[in-house]
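These notes concern the structure reproduced below.
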Amino acid sequence: DVKNYPSAFYNRKGDNGLGVAVKLPPRLDSDFIKPYVAKITQTESEFKTPWRVVMIGDSARELVESNLIATLGEPSKIADTSWIKGGKSAWDWWNGFNAPVKNPGINTETYLAYIDFAKEAGLEYMLIDEGWSVGSSTRPKPGSDVTKAIPALDMPKILKYAKDRNVKIMLWLQWQQLDWQMDEALATYEQWGIAGIKIDFMDRSDQDMVDYYHKVLSKAAKHKLQVDLHGAYAPNGLVRTYPNYITQEGVLGAEYNKWTTRITATHNVTLPYTRMILGPIDYTPGGFAHRTPENFEIQIDRPMTMTTRGQAVAMYVVYDSPLTMLSDAPQAYKKASGQWEDGVDFIQAVPVTWDETRVLQGDIGQFIVTARRKGDTWYIGAMTNEQGRTITLPLSFLSAAKYDARLWQDG
């Protein structure tokens with residue numbers, strides 16, 4: 001429940017005594033570059049500090065199951081939430097806009113191909129990432145216009161093509177370029193029939209940026225726009241206050257496969273016990289070019305992963321995100337025969353929102369087994385670090401009914 005207040009960071013005091021030192025992030029100057037002050041400004045008649053939370057459980061598994069952070073958020077400010085729909089999305093940026101067309105790139109032909117893939121795979125969304133709008137950039141750029149597409153994109157054609165195939169469109173935006181035109185842009189997107197926006201490169205958590213989150217989520221809701229905050233600070237329960245805040249990054253996720261070797265299997269099984277206990281995690285799974293750590297290569301436009309296919313598929317159960325990506329190129333999910341690659345059928349079937357969650361076994365940085373229920377169907381995802389293991393799962397939580405099981409596993 002952080003409002004009119006910056007995030008806070010805790011560090012050791014450095015005096016070998018008990019307690020911690022609290023550091024507030026500074027505001028930036030008018031060019032959003034140079035830090036100049038770290039203080040709190042009262043902006044309303046009433047003032048309260050955010051909750052400070054220490055989560056304790058008998059096991060690490062209990063922390064993963066907890067919804068404490070969201071519970072401490074302010075209750076929903078959106079009366080009608082029927083338009084907020086989770087789902088899975090095709091995506092262009094991670095795979096270098098590598099659509100199966102003659103001239104892949106940020107052009108109409110490419111996006112029609114991604115929409116075809118989304119339709120064929122049964123995905124609800126297509127996310128059009130950086131580069132679609134006039135002056136699109138990762139940093140503020142004079143002359144940008146987030147209400148106009150670049151000449152290479154026939155946006156009306158793309159939107160009609162998607163609508164005819166029941167694929168909803170989401171758009172990427174640099175946060176300040178959106179801020180310059182927020183009211184006009186959000187109204188334009190509603191008129192276009194856009195389902196949501198992905199806002200990026202905030203990369204701050206001072207009071208001004210915290211207030212920006214509240215502003216953009218509130219205004220987006222008035223235009224029935226879902227919001228994915230990329231380049232975001234750690235979750236703090238705001239998903240309860242604004243249910244259109246459907247997911248967020250703020251995680252060392254799959255995009256880092258493009259330029260580091262840090263996204264290891266151990267890292268992937270640490271996240272559920274650390275970052276994910278705070279809220280939804282837009283890890284952007286779905287990379288299907290699997291390599292062992294010894295054979296992994298950093299490639300910007302054709303990225304690899306250090307996961308197995310089993311771990312890649314299990315992420316769709318273990319990682320909680322009401323909006324989730326299929327981050328690889330459309331052709332990565334097809335065999336030469338034209339049939340779906342192994343595991344795609346599971347990704348197509350798995351839900352993105354759940355009625356019940358249980359963590360059956362696990363240990364931080366070692367492994368995790370998560371069971372999630374949707375209706376009468378249970379989905380179980382198991383992920384391990386670089387060490388293979390055999391485990392016996394307790395299934396006493398299941399009802400007395402008879403169950404049929406399908407199993408996807410490595411090997």
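Note on naming: chains are A, B, ... as they come in the structure tokens, residues start from 1 per chain, ligands start from 1 in the order shown.
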
Could you pull out all residues of segment 148-245 of chain A with a DSSP call of strand (DSSP E or B) and give them as an NGL selection string? :A and (148-149 or 168-174 or 196-200 or 226-229 or 245)

Can you spit out the residues from that selection as an mmCIF file, in the first residue's frame, using N, CA and C atoms?
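Contents of selection-v1.cif, freshly written:
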data_model
loop_
_atom_site.group_PDB
_atom_site.id
_atom_site.type_symbol
_atom_site.label_atom_id
_atom_site.label_comp_id
_atom_site.auth_asym_id
_atom_site.auth_seq_id
_atom_site.Cartn_x
_atom_site.Cartn_y
_atom_site.Cartn_z
ATOM 1 N N LYS A 148 0.433 7.896 -33.137
ATOM 2 C CA LYS A 148 0.605 7.649 -34.570
ATOM 3 C C LYS A 148 1.611 6.525 -34.796
ATOM 4 N N ALA A 149 1.281 5.625 -35.714
ATOM 5 C CA ALA A 149 2.194 4.551 -36.091
ATOM 6 C C ALA A 149 3.171 5.042 -37.155
ATOM 7 N N LYS A 168 -6.482 -9.991 -29.573
ATOM 8 C CA LYS A 168 -6.452 -8.634 -29.020
ATOM 9 C C LYS A 168 -5.029 -8.078 -29.097
ATOM 10 N N ILE A 169 -4.918 -6.782 -29.329
ATOM 11 C CA ILE A 169 -3.625 -6.128 -29.493
ATOM 12 C C ILE A 169 -3.254 -5.347 -28.234
ATOM 13 N N MET A 170 -1.978 -5.469 -27.846
ATOM 14 C CA MET A 170 -1.399 -4.642 -26.797
ATOM 15 C C MET A 170 -0.230 -3.861 -27.396
ATOM 16 N N LEU A 171 0.034 -2.677 -26.866
ATOM 17 C CA LEU A 171 1.057 -1.788 -27.403
ATOM 18 C C LEU A 171 2.098 -1.428 -26.348
ATOM 19 N N TRP A 172 3.365 -1.391 -26.777
ATOM 20 C CA TRP A 172 4.487 -0.979 -25.922
ATOM 21 C C TRP A 172 4.629 0.544 -25.940
ATOM 22 N N LEU A 173 5.019 1.108 -24.788
ATOM 23 C CA LEU A 173 5.208 2.551 -24.675
ATOM 24 C C LEU A 173 6.351 2.874 -23.723
ATOM 25 N N GLN A 174 7.166 3.844 -24.078
ATOM 26 C CA GLN A 174 8.133 4.394 -23.136
ATOM 27 C C GLN A 174 7.373 5.335 -22.199
ATOM 28 N N GLY A 196 -4.651 -3.419 -24.146
ATOM 29 C CA GLY A 196 -3.758 -3.106 -23.040
ATOM 30 C C GLY A 196 -2.483 -2.444 -23.515
ATOM 31 N N ILE A 197 -1.714 -1.945 -22.563
ATOM 32 C CA ILE A 197 -0.457 -1.268 -22.854
ATOM 33 C C ILE A 197 0.643 -1.819 -21.955
ATOM 34 N N LYS A 198 1.832 -1.877 -22.518
ATOM 35 C CA LYS A 198 3.030 -2.278 -21.775
ATOM 36 C C LYS A 198 3.908 -1.036 -21.656
ATOM 37 N N ILE A 199 4.106 -0.567 -20.440
ATOM 38 C CA ILE A 199 4.841 0.673 -20.193
ATOM 39 C C ILE A 199 6.231 0.319 -19.669
ATOM 40 N N ASP A 200 7.254 0.983 -20.205
ATOM 41 C CA ASP A 200 8.622 0.506 -19.978
ATOM 42 C C ASP A 200 9.565 1.647 -19.599
ATOM 43 N N GLN A 226 -5.791 -2.707 -19.972
ATOM 44 C CA GLN A 226 -4.964 -3.450 -19.038
ATOM 45 C C GLN A 226 -3.530 -2.929 -19.136
ATOM 46 N N VAL A 227 -2.772 -3.097 -18.060
ATOM 47 C CA VAL A 227 -1.431 -2.517 -18.005
ATOM 48 C C VAL A 227 -0.422 -3.562 -17.552
ATOM 49 N N ASP A 228 0.668 -3.660 -18.316
ATOM 50 C CA ASP A 228 1.843 -4.455 -17.960
ATOM 51 C C ASP A 228 2.981 -3.464 -17.761
ATOM 52 N N LEU A 229 3.468 -3.335 -16.524
ATOM 53 C CA LEU A 229 4.556 -2.408 -16.242
ATOM 54 C C LEU A 229 5.885 -3.144 -16.335
ATOM 55 N N TYR A 245 -3.946 -3.786 -13.552
ATOM 56 C CA TYR A 245 -2.487 -3.943 -13.453
ATOM 57 C C TYR A 245 -2.222 -5.441 -13.524
#

Could you give me, as JSON, numbers by chain, the residues within 8 Å of segment 364-381 of chain A, counting only C-alpha atoms and dropping anything in the same chain fewer than 3 positions from it? {"A": [60, 266, 267, 268, 269, 270, 273, 314, 315, 316, 317, 318, 350, 351, 353, 354, 355, 356, 357, 358, 359, 360, 361, 384, 385]}

May I ask for the distance between atom CA of Phe9 of chain A and atom CA of Pro322 of chain A, given in Å to one decimal place?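 Separating atom CA of Phe9 of chain A from atom CA of Pro322 of chain A is a distance of 27.6 Å.
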
I'd like the contact shell of Tyr212 of chain A - 12 Å cut-off, only C-alpha atoms, skipping same-chain residues fewer than 2 positions apart - returned as a count of residues only. 28

Report, in Å with one decimal, the straight-line distance from atom CA of Asp328 of chain A to atom CA of Ile347 of chain A.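 Atom CA of Ile347 of chain A lies 13.0 Å from atom CA of Asp328 of chain A.
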
Who sits within 9 Å of Pro330 of chain A, only C-alpha atoms, same chain under 3 positions skipped, as a VMD selection string: chain A and resid 90 98 to 100 113 to 114 117 to 118 326 to 327 333 to 334

Using only C-alpha atoms, find each residue of segment 239-324 of chain A with at least one atom at most 12 Å away from an atom of segment 125-142 of chain A; report its shortest atom-to-atom pair and that distance in Å (one decimal), sort the rows by chain and rising residue number, and return the result as a tab-separated table.
residue	atom	partner	partner_atom	distance
A:Thr284	CA	A:Leu127	CA	11.7
A:Leu323	CA	A:Tyr125	CA	9.1
A:Thr324	CA	A:Tyr125	CA	9.6

Please produce an output containing C-alpha atoms for each residue in the selection, written as an mmCIF file, in the first residue's frame.
data_model
loop_
_atom_site.group_PDB
_atom_site.id
_atom_site.type_symbol
_atom_site.label_atom_id
_atom_site.label_comp_id
_atom_site.auth_asym_id
_atom_site.auth_seq_id
_atom_site.Cartn_x
_atom_site.Cartn_y
_atom_site.Cartn_z
ATOM 1 C CA THR A 284 8.363 -13.793 -20.369
ATOM 2 C CA LEU A 323 -0.659 -12.195 -18.748
ATOM 3 C CA THR A 324 2.182 -14.340 -20.021
#

Please identify all polymer residues within 9 Å of Met276 of chain A, counting only C-alpha atoms, omitting same-chain residues fewer than 5 positions from it, and present them as a ChimeraX atom specification. /A:64,235,251,271,281,319-320

Could the residues in this selection be saved with C-alpha atoms as a PDB file, in the first residue's frame?
ATOM      1  CA  VAL A  64       5.148 -18.895  -2.100  1.00  0.00           C
ATOM      2  CA  PRO A 235       5.361  -5.195  -6.519  1.00  0.00           C
ATOM      3  CA  VAL A 251      12.561  -9.423 -12.390  1.00  0.00           C
ATOM      4  CA  LEU A 271      12.612 -16.651  -8.220  1.00  0.00           C
ATOM      5  CA  ILE A 281       6.066 -11.993 -12.403  1.00  0.00           C
ATOM      6  CA  TYR A 319       5.324 -18.547 -12.354  1.00  0.00           C
ATOM      7  CA  ASP A 320       2.237 -16.505 -11.497  1.00  0.00           C
TER       8      ASP A 320
END

7 Å contact set for Trp259 of chain A, only C-alpha atoms, chain neighbours under 3 positions out, as a PDB file with C-alpha atoms, in the first residue's frame:
ATOM      1  CA  TYR A 256      18.601 -11.328 -20.008  1.00  0.00           C
ATOM      2  CA  ILE A 298      24.757 -15.006 -26.124  1.00  0.00           C
ATOM      3  CA  GLN A 299      22.730 -13.999 -29.180  1.00  0.00           C
ATOM      4  CA  ILE A 300      20.707 -10.795 -29.251  1.00  0.00           C
TER       5      ILE A 300
END

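Of the listed residues (A:Ile246, A:Val101, A:Met155, A:Leu123), A:Leu123 comes nearest to Asp345 of chain A; the distances count only C-alpha atoms.
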
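Neighbours of Ile69 of chain A closer than or equal to 8 Å, with only C-alpha atoms counted and sequence neighbours fewer than 4 positions away skipped, come out as Gly73, Asn236, Gly237, Ile277, Leu278 and Gly279 of chain A.
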